[in-house]
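Below: the structure, in structure tokens.
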Amino acid sequence: MKVVKFGGSSLASGAQLEKVFHIVTADPSRKAVVVSAPGKRHSEDTKVTDLLIACAEQYISSGDAPELCEAVIERYAEIAQELHLDQHIIERIRDDLFTLLNGDKSNPVQYIDAIKASGEDNNAKLIAAYFQHKGIQAEYVNPKDAGLFVTNEPGNAQVLPESYENLYRLRERDGLIIFPGFFGFSKAGDVITFSRSGSDITGSILANGLQADLYENFTDVDAVYSVNPSIVKNPKEISELTYREMRELSYAGFSVFHDEALIPAFRAGIPVQIKNTNNPAAQGTRVVSKRDNTNGPVVGIASDTGFCSIYISKYLMNREIGFGRKALQILEDYSLTYEHVPSGIDDITIILRQDQMDGSMERQLIRRIEEDLQADEVIVEHNLALIMVVGEAMRHNVGTTARASKALSEAQVNIEMINQGSSEVSMMFGVKEAQEERAVQALYQEFFAGVLIS
Ligand code: ASP
């Protein structure tokens, strides 16, 4: 039995929905279908989720948003028309949207979350209506009725463990289950969304709950590529990778699959198959617990920008009890999260996403570190890119770090920092953002030689 998830671009138009219908009905083991809200039809288009957020914000500030509301309804109406569906479904969507928009605004975050989630919810209703119209036994299932409960953290919900048992009961249902992605319910009964692109998370939770044999995730590329195709032309496709490799790659910018979405599938040992709605015959990428290492030491190279580093040095730091804890406590006091902490005997570097701090917070933070830790030197460096060289086989392979640093030095890329020790699956290089592309290309050429660089 399979759980299948379709992303926004796979559901952006009537023509796309026809493809989805053929994919789902081609295999009777596809039991549950998780859907996103309609996404972009072309690169300049706006996702329904973004329209809904703008709509909710405008309602809060001015009590009305006629153009944005119509733009949302129009997206569904166009799809319904293309598929010759009864207008009744659009009336239902319109009523639902206006009921939400005219609802209680006393908690704006909660208000926006409920409206944001309606993109998926209404799309699931529309898709169930379409499958029924085509003579298939299919039913929209509400996450509350199904018992998908989450923490009360709007925009960052975490699944509550009891959900899995509740969802297992869906197995008893006849026919196809059409399930909206991206949100669950708090124990108090409020709609709470996962982080953006969170329908991948719903799919994984459902796969775990239903104890599916496979979680198929349909998107708009043939496979996960070994490197960002906008940096390297025609990169190698990855046919198989482990959960840990996928997690490292999606953390550092591979947006094909949400990095949080792996955990539920991983815990239940369910493989994830990433496939292309526009080319379902392509093999795609399979994410599994263990794989044969046939690709050489490196499976992929990912990179992401927008990081800064806080370098703290203090003579004899290694002898000072509690130094690291105190440094990290200061970050916690400012509600900052950090990504990596490479350290030496007299210094420690904390790497974090720089959009968490503005200039004034940064000045206060430096002062606190200097004063509380009696640091000799505190230096903040901005605009860093992190490059992750990922592959389970690296740890059994002599010389991978040497090859990577040689490739970077030959490409005249200055390595600001390296972090390899703690992860068994990846090696991290920090470079200046301006050198990101060059660095990625050099590494790609080193580990996937013989491929043309754009
Ligand atoms: N529609 C939501 C978003 O745009 C969730 C998703 O597509 O997975 O973030």
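By order of appearance in the structure tokens: chains A, B, ..., then residues from 1 within every chain, and ligands from 1 in the order shown.
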> Which parts of stretch 117-360 of chain A does DSSP call strand (DSSP E or B) when run on the backbone here, written out as a ChimeraX atom specification?
Replying inline: /A:138-140,149-150,159,176-180,183-185,191-193,214-219,224-225,237-238,240-242,272-276,285-288,300-313,340,343,347-353
> Neighbours of ligand 1 within 6 Å, counting only C-alpha atoms and all ligand atoms, as a PyMOL selection string?
Replying inline: chain A and resi 7-8+36-37+49+182+196-200
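Among the candidates A:Lys134, A:Lys236, A:Arg75, A:Lys326, the one nearest to A:Phe447 when counting only C-alpha atoms is A:Lys236.
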>> I want to know what sits within 7 Å of stretch 162-179 of chain A, based on only C-alpha atoms, with residues of the same chain fewer than 6 positions away left out; could you give that as a list in words?
In response: Lys31, Ala32, Val33, Val34, Val35, Ala124, Ala128, Gln137, Ala138, Glu139, Tyr140, Val141, Asn142, Ala146, Gly147, Leu148, Phe149, Leu206, Asn208, Gly209 and Leu210 of chain A
Taking all heavy atoms for each residue, export the selection above as a short mmCIF file (atom, residue, chain, number, x, y, z; two decimals), in the first residue's frame.
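Produced file result_22.cif, reproduced below:
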```
data_model
loop_
_atom_site.label_atom_id
_atom_site.label_comp_id
_atom_site.auth_asym_id
_atom_site.auth_seq_id
_atom_site.Cartn_x
_atom_site.Cartn_y
_atom_site.Cartn_z
N LYS A 31 -3.29 4.27 -2.10
CA LYS A 31 -4.49 4.30 -1.24
C LYS A 31 -4.81 5.71 -0.74
O LYS A 31 -5.97 6.12 -0.70
CB LYS A 31 -4.23 3.37 -0.04
CG LYS A 31 -5.19 3.47 1.10
CD LYS A 31 -6.43 2.67 0.83
CE LYS A 31 -7.47 2.81 1.94
NZ LYS A 31 -8.80 2.46 1.49
N ALA A 32 -3.78 6.44 -0.34
CA ALA A 32 -4.02 7.78 0.21
C ALA A 32 -3.26 8.80 -0.61
O ALA A 32 -2.09 8.61 -0.95
CB ALA A 32 -3.56 7.83 1.66
N VAL A 33 -3.94 9.91 -0.93
CA VAL A 33 -3.34 10.95 -1.77
C VAL A 33 -3.29 12.24 -0.95
O VAL A 33 -4.33 12.76 -0.53
CB VAL A 33 -4.20 11.17 -3.05
CG1 VAL A 33 -3.56 12.21 -3.96
CG2 VAL A 33 -4.41 9.86 -3.78
N VAL A 34 -2.09 12.73 -0.71
CA VAL A 34 -1.92 13.98 0.05
C VAL A 34 -1.68 15.10 -0.96
O VAL A 34 -0.85 14.96 -1.86
CB VAL A 34 -0.73 13.86 1.03
CG1 VAL A 34 -0.47 15.18 1.73
CG2 VAL A 34 -0.99 12.75 2.04
N VAL A 35 -2.40 16.20 -0.78
CA VAL A 35 -2.28 17.26 -1.78
C VAL A 35 -1.87 18.60 -1.19
O VAL A 35 -2.25 18.96 -0.08
CB VAL A 35 -3.61 17.43 -2.57
CG1 VAL A 35 -3.94 16.17 -3.34
CG2 VAL A 35 -4.77 17.83 -1.67
N ALA A 124 -8.07 19.76 -1.56
CA ALA A 124 -8.40 18.34 -1.32
C ALA A 124 -9.88 18.09 -1.62
O ALA A 124 -10.25 17.07 -2.22
CB ALA A 124 -8.07 17.95 0.10
N ALA A 128 -11.13 15.60 -4.55
CA ALA A 128 -12.04 14.48 -4.25
C ALA A 128 -13.26 14.56 -5.17
O ALA A 128 -13.70 13.54 -5.73
CB ALA A 128 -12.46 14.53 -2.78
N GLN A 137 -14.21 5.91 -6.43
CA GLN A 137 -14.62 6.06 -5.04
C GLN A 137 -13.49 6.76 -4.28
O GLN A 137 -12.44 6.17 -4.01
CB GLN A 137 -14.89 4.67 -4.44
CG GLN A 137 -15.56 4.76 -3.09
CD GLN A 137 -15.67 3.40 -2.43
OE1 GLN A 137 -15.29 2.38 -2.99
NE2 GLN A 137 -16.18 3.38 -1.21
N ALA A 138 -13.73 8.03 -4.01
CA ALA A 138 -12.69 8.83 -3.34
C ALA A 138 -13.36 9.74 -2.34
O ALA A 138 -14.47 10.22 -2.56
CB ALA A 138 -11.93 9.66 -4.37
N GLU A 139 -12.67 9.99 -1.22
CA GLU A 139 -13.30 10.77 -0.18
C GLU A 139 -12.30 11.75 0.42
O GLU A 139 -11.16 11.38 0.74
CB GLU A 139 -13.75 9.78 0.91
CG GLU A 139 -14.77 10.33 1.85
CD GLU A 139 -15.05 9.35 2.99
OE1 GLU A 139 -14.56 8.20 2.95
OE2 GLU A 139 -15.73 9.76 3.92
N TYR A 140 -12.73 13.00 0.56
CA TYR A 140 -11.93 14.00 1.27
C TYR A 140 -11.92 13.62 2.75
O TYR A 140 -12.96 13.31 3.32
CB TYR A 140 -12.56 15.39 1.09
CG TYR A 140 -12.22 16.38 2.18
CD1 TYR A 140 -11.01 17.06 2.16
CD2 TYR A 140 -13.11 16.63 3.22
CE1 TYR A 140 -10.69 17.96 3.18
CE2 TYR A 140 -12.80 17.53 4.23
CZ TYR A 140 -11.58 18.19 4.20
OH TYR A 140 -11.26 19.08 5.20
N VAL A 141 -10.75 13.62 3.37
CA VAL A 141 -10.68 13.32 4.80
C VAL A 141 -10.10 14.52 5.54
O VAL A 141 -9.03 15.03 5.17
CB VAL A 141 -9.82 12.06 5.08
CG1 VAL A 141 -9.63 11.85 6.57
CG2 VAL A 141 -10.46 10.83 4.45
N ASN A 142 -10.82 14.99 6.53
CA ASN A 142 -10.35 16.14 7.30
C ASN A 142 -9.32 15.67 8.35
O ASN A 142 -9.57 14.70 9.06
CB ASN A 142 -11.56 16.79 7.98
CG ASN A 142 -11.16 18.04 8.72
OD1 ASN A 142 -10.55 17.98 9.79
ND2 ASN A 142 -11.49 19.16 8.14
N ALA A 146 -9.46 12.66 11.20
CA ALA A 146 -8.50 11.55 11.12
C ALA A 146 -7.62 11.48 12.37
O ALA A 146 -6.90 10.51 12.57
CB ALA A 146 -7.63 11.71 9.89
N GLY A 147 -7.65 12.54 13.17
CA GLY A 147 -6.84 12.56 14.41
C GLY A 147 -5.40 12.96 14.20
O GLY A 147 -4.51 12.51 14.93
N LEU A 148 -5.14 13.85 13.21
CA LEU A 148 -3.77 14.36 13.03
C LEU A 148 -3.58 15.56 13.96
O LEU A 148 -3.94 16.70 13.64
CB LEU A 148 -3.52 14.74 11.55
CG LEU A 148 -2.19 15.42 11.22
CD1 LEU A 148 -1.00 14.76 11.90
CD2 LEU A 148 -1.94 15.44 9.72
N PHE A 149 -3.01 15.28 15.13
CA PHE A 149 -2.82 16.32 16.14
C PHE A 149 -1.36 16.78 16.16
O PHE A 149 -0.44 15.96 16.01
CB PHE A 149 -3.23 15.83 17.53
CG PHE A 149 -4.71 15.59 17.61
CD1 PHE A 149 -5.21 14.31 17.82
CD2 PHE A 149 -5.61 16.64 17.46
CE1 PHE A 149 -6.58 14.09 17.88
CE2 PHE A 149 -6.98 16.43 17.52
CZ PHE A 149 -7.47 15.15 17.73
N LEU A 206 1.46 10.49 7.26
CA LEU A 206 0.40 9.56 6.84
C LEU A 206 0.97 8.20 6.46
O LEU A 206 0.41 7.15 6.80
CB LEU A 206 -0.36 10.18 5.67
CG LEU A 206 -1.84 9.86 5.60
CD1 LEU A 206 -2.55 10.41 6.82
CD2 LEU A 206 -2.46 10.47 4.34
N ASN A 208 3.61 6.85 7.66
CA ASN A 208 3.93 6.19 8.93
C ASN A 208 2.66 5.68 9.60
O ASN A 208 2.56 4.51 10.00
CB ASN A 208 4.68 7.19 9.84
CG ASN A 208 5.05 6.61 11.20
OD1 ASN A 208 4.26 5.92 11.81
ND2 ASN A 208 6.25 6.90 11.67
N GLY A 209 1.65 6.54 9.72
CA GLY A 209 0.40 6.18 10.39
C GLY A 209 -0.29 5.00 9.72
O GLY A 209 -0.77 4.08 10.39
N LEU A 210 -0.32 5.01 8.42
CA LEU A 210 -0.99 3.92 7.68
C LEU A 210 -0.08 2.70 7.52
O LEU A 210 -0.50 1.70 6.94
CB LEU A 210 -1.40 4.40 6.28
CG LEU A 210 -2.51 5.45 6.21
CD1 LEU A 210 -2.72 5.91 4.77
CD2 LEU A 210 -3.81 4.89 6.74
#
```
>> Restricting the calculation to only C-alpha atoms: of A:Leu241, A:Thr202, A:Leu408, A:Gly430, which residue gets closest to A:His340?
In response: A:Gly430
> So how many Å separate atom CA of A:Ser186 and atom CA of A:Ile89, to one decimal?
Replying inline: 27.3 Å
Closest contacts (stretch 169-241 of chain A/stretch 284-299 of chain A, max 7 Å, only C-alpha atoms) as JSON lines:
```
{"residue": "A:Asp222", "atom": "CA", "partner": "A:Gly284", "partner_atom": "CA", "distance": 5.5}
{"residue": "A:Ala223", "atom": "CA", "partner": "A:Gly284", "partner_atom": "CA", "distance": 4.4}
{"residue": "A:Val224", "atom": "CA", "partner": "A:Thr285", "partner_atom": "CA", "distance": 6.0}
{"residue": "A:Ser226", "atom": "CA", "partner": "A:Val299", "partner_atom": "CA", "distance": 6.3}
{"residue": "A:Ile238", "atom": "CA", "partner": "A:Thr285", "partner_atom": "CA", "distance": 6.0}
{"residue": "A:Ser239", "atom": "CA", "partner": "A:Thr285", "partner_atom": "CA", "distance": 4.5}
{"residue": "A:Glu240", "atom": "CA", "partner": "A:Arg286", "partner_atom": "CA", "distance": 4.7}
{"residue": "A:Leu241", "atom": "CA", "partner": "A:Val287", "partner_atom": "CA", "distance": 5.1}
```
>> When you look at stretch 62-71 of chain A with a cut-off of 12 Å (counting only C-alpha atoms), what residues show up, excluding the ones that are within fewer than 3 positions of it in the same chain? I need them as a ChimeraX atom specification.
In response: /A:45-59,74-78,90,93-98,100-105,115,119
Once you have the residues from the selection above, write them out as a PDB file, in the first residue's frame, restricted to C-alpha atoms.
```pdb
ATOM      1  CA  ASP A  45       2.836  32.987 -11.135  1.00  0.00           C
ATOM      2  CA  THR A  46       1.864  33.236  -7.441  1.00  0.00           C
ATOM      3  CA  LYS A  47       1.122  30.203  -5.279  1.00  0.00           C
ATOM      4  CA  VAL A  48      -2.369  30.049  -3.767  1.00  0.00           C
ATOM      5  CA  THR A  49      -0.733  29.838  -0.303  1.00  0.00           C
ATOM      6  CA  ASP A  50       1.013  33.181  -0.889  1.00  0.00           C
ATOM      7  CA  LEU A  51      -2.227  34.750  -2.133  1.00  0.00           C
ATOM      8  CA  LEU A  52      -3.985  33.496   0.991  1.00  0.00           C
ATOM      9  CA  ILE A  53      -1.340  34.903   3.332  1.00  0.00           C
ATOM     10  CA  ALA A  54      -1.540  38.305   1.616  1.00  0.00           C
ATOM     11  CA  CYS A  55      -5.343  38.127   1.749  1.00  0.00           C
ATOM     12  CA  ALA A  56      -5.411  37.358   5.482  1.00  0.00           C
ATOM     13  CA  GLU A  57      -2.909  40.137   6.246  1.00  0.00           C
ATOM     14  CA  GLN A  58      -4.918  42.663   4.286  1.00  0.00           C
ATOM     15  CA  TYR A  59      -8.112  41.584   6.070  1.00  0.00           C
ATOM     16  CA  GLU A  74     -10.446  32.240  -9.563  1.00  0.00           C
ATOM     17  CA  ARG A  75      -7.577  29.725  -9.303  1.00  0.00           C
ATOM     18  CA  TYR A  76      -9.977  26.989  -8.158  1.00  0.00           C
ATOM     19  CA  ALA A  77     -12.727  28.097 -10.560  1.00  0.00           C
ATOM     20  CA  GLU A  78     -10.366  27.842 -13.529  1.00  0.00           C
ATOM     21  CA  ILE A  90     -16.584  26.555  -6.124  1.00  0.00           C
ATOM     22  CA  ILE A  93     -14.831  26.993  -1.504  1.00  0.00           C
ATOM     23  CA  ARG A  94     -16.032  30.601  -1.638  1.00  0.00           C
ATOM     24  CA  ASP A  95     -18.217  30.127   1.464  1.00  0.00           C
ATOM     25  CA  ASP A  96     -15.393  28.459   3.342  1.00  0.00           C
ATOM     26  CA  LEU A  97     -12.919  31.238   2.522  1.00  0.00           C
ATOM     27  CA  PHE A  98     -15.275  34.042   3.555  1.00  0.00           C
ATOM     28  CA  LEU A 100     -12.595  32.058   7.680  1.00  0.00           C
ATOM     29  CA  LEU A 101     -11.847  35.641   6.658  1.00  0.00           C
ATOM     30  CA  ASN A 102     -14.753  36.951   8.720  1.00  0.00           C
ATOM     31  CA  GLY A 103     -13.745  34.805  11.694  1.00  0.00           C
ATOM     32  CA  ASP A 104     -12.135  35.738  14.999  1.00  0.00           C
ATOM     33  CA  LYS A 105      -9.046  37.942  14.515  1.00  0.00           C
ATOM     34  CA  ILE A 115      -6.519  30.885   6.172  1.00  0.00           C
ATOM     35  CA  GLY A 119      -5.364  26.351   0.316  1.00  0.00           C
TER      36      GLY A 119
END
```
>> Residues of stretch 111-282 of chain A classed as helix (DSSP H, G or I) by DSSP on the backbone are to be reported as JSON, numbers by chain.
In response: {"A": [111, 112, 113, 114, 115, 116, 117, 118, 119, 120, 121, 122, 123, 124, 125, 126, 127, 128, 129, 130, 131, 132, 133, 143, 144, 145, 146, 162, 163, 164, 165, 166, 167, 168, 169, 170, 171, 172, 199, 200, 201, 202, 203, 204, 205, 206, 207, 208, 209, 243, 244, 245, 246, 247, 248, 249, 250, 251, 259, 260, 261, 262, 263, 264, 265, 266, 267]}
Using only C-alpha atoms, what does the table of stretch 170-287 of chain A residues within 9 Å of stretch 379-393 of chain A look like, with each row giving the shortest atom pair and its distance in Å to one decimal, sorted by chain and ascending number, as JSON lines?
```
{"residue": "A:Leu241", "atom": "CA", "partner": "A:Gly391", "partner_atom": "CA", "distance": 8.5}
{"residue": "A:Thr242", "atom": "CA", "partner": "A:Glu392", "partner_atom": "CA", "distance": 7.9}
{"residue": "A:Arg244", "atom": "CA", "partner": "A:Glu392", "partner_atom": "CA", "distance": 8.1}
{"residue": "A:Glu245", "atom": "CA", "partner": "A:Gly391", "partner_atom": "CA", "distance": 6.2}
{"residue": "A:Met246", "atom": "CA", "partner": "A:Val390", "partner_atom": "CA", "distance": 8.8}
{"residue": "A:Glu248", "atom": "CA", "partner": "A:Val390", "partner_atom": "CA", "distance": 6.9}
{"residue": "A:Leu249", "atom": "CA", "partner": "A:Val390", "partner_atom": "CA", "distance": 7.0}
{"residue": "A:Ala252", "atom": "CA", "partner": "A:Met388", "partner_atom": "CA", "distance": 6.7}
```
> Neighbours of A:Ile369 within 8 Å (only C-alpha atoms; same-chain residues fewer than 4 positions away dropped), as number ranges by chain?
Replying inline: A: 327, 330, 365, 373-375, 378
Using only C-alpha atoms, what does the table of stretch 178-287 of chain A residues within 8 Å of stretch 433-444 of chain A look like, with each row giving the shortest atom pair and its distance in Å to one decimal, sorted by chain and ascending number, as JSON lines?
```
{"residue": "A:Val227", "atom": "CA", "partner": "A:Tyr444", "partner_atom": "CA", "distance": 7.5}
{"residue": "A:Ile231", "atom": "CA", "partner": "A:Glu437", "partner_atom": "CA", "distance": 6.2}
{"residue": "A:Val232", "atom": "CA", "partner": "A:Gln441", "partner_atom": "CA", "distance": 6.4}
```
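When atom CA of A:Phe266 is paired with atom CA of A:Tyr243, their separation reads 6.8 Å.
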> Mind pulling up the distance from atom CA of A:Ser204 to atom CA of A:Asp259?
Replying inline: 11.2 Å
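Of the residues under consideration (A:Lys125, A:Arg395, A:Arg30, A:Arg247), A:Arg30 shows the shortest atom-to-atom contact distance to A:Ala207 when counting only C-alpha atoms.
The protein and nucleic acid residues lying at most 9 Å from A:Ile348 are Ile310, Tyr311, Ile312, Ser313, Lys314, Met317, Gly324, Val341, Pro342, Ser343, Gly344, Ile345, Asp346 and Ile350 of chain A, with only C-alpha atoms considered and sequence neighbours fewer than 2 positions away removed.
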Just-selected residues, C-alpha atoms written as a CSV table (one decimal), in the first residue's frame:
```
chain,number,residue,atom,x,y,z
A,310,ILE,CA,30.8,34.7,15.3
A,311,TYR,CA,34.4,34.0,16.0
A,312,ILE,CA,35.3,34.1,19.7
A,313,SER,CA,38.9,33.7,20.9
A,314,LYS,CA,40.2,33.5,24.4
A,317,MET,CA,39.7,28.6,26.5
A,324,GLY,CA,30.9,26.7,25.5
A,341,VAL,CA,30.1,25.2,16.2
A,342,PRO,CA,33.6,24.3,15.0
A,343,SER,CA,36.2,24.9,17.7
A,344,GLY,CA,39.9,25.0,18.4
A,345,ILE,CA,41.9,25.1,21.7
A,346,ASP,CA,41.6,28.9,22.1
A,350,ILE,CA,29.4,29.8,16.0
```
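The neighbours of A:Asn217 here are the residues that come within 9 Å of it, using only C-alpha atoms and leaving out any residue fewer than 2 positions away in the same chain; they are A:Val3, A:Val4, A:Lys5, A:Phe6, A:Gly7, A:Asp200, A:Gly203, A:Tyr215, A:Thr219, A:Phe257, A:Val272, A:Gln273, A:Ile274, A:Lys275, A:Asn276.
Distances from A:Gln354, A:Glu82, A:Arg92, A:Ser335 to A:Leu17 were compared using only C-alpha atoms, and the smallest one belongs to A:Glu82.
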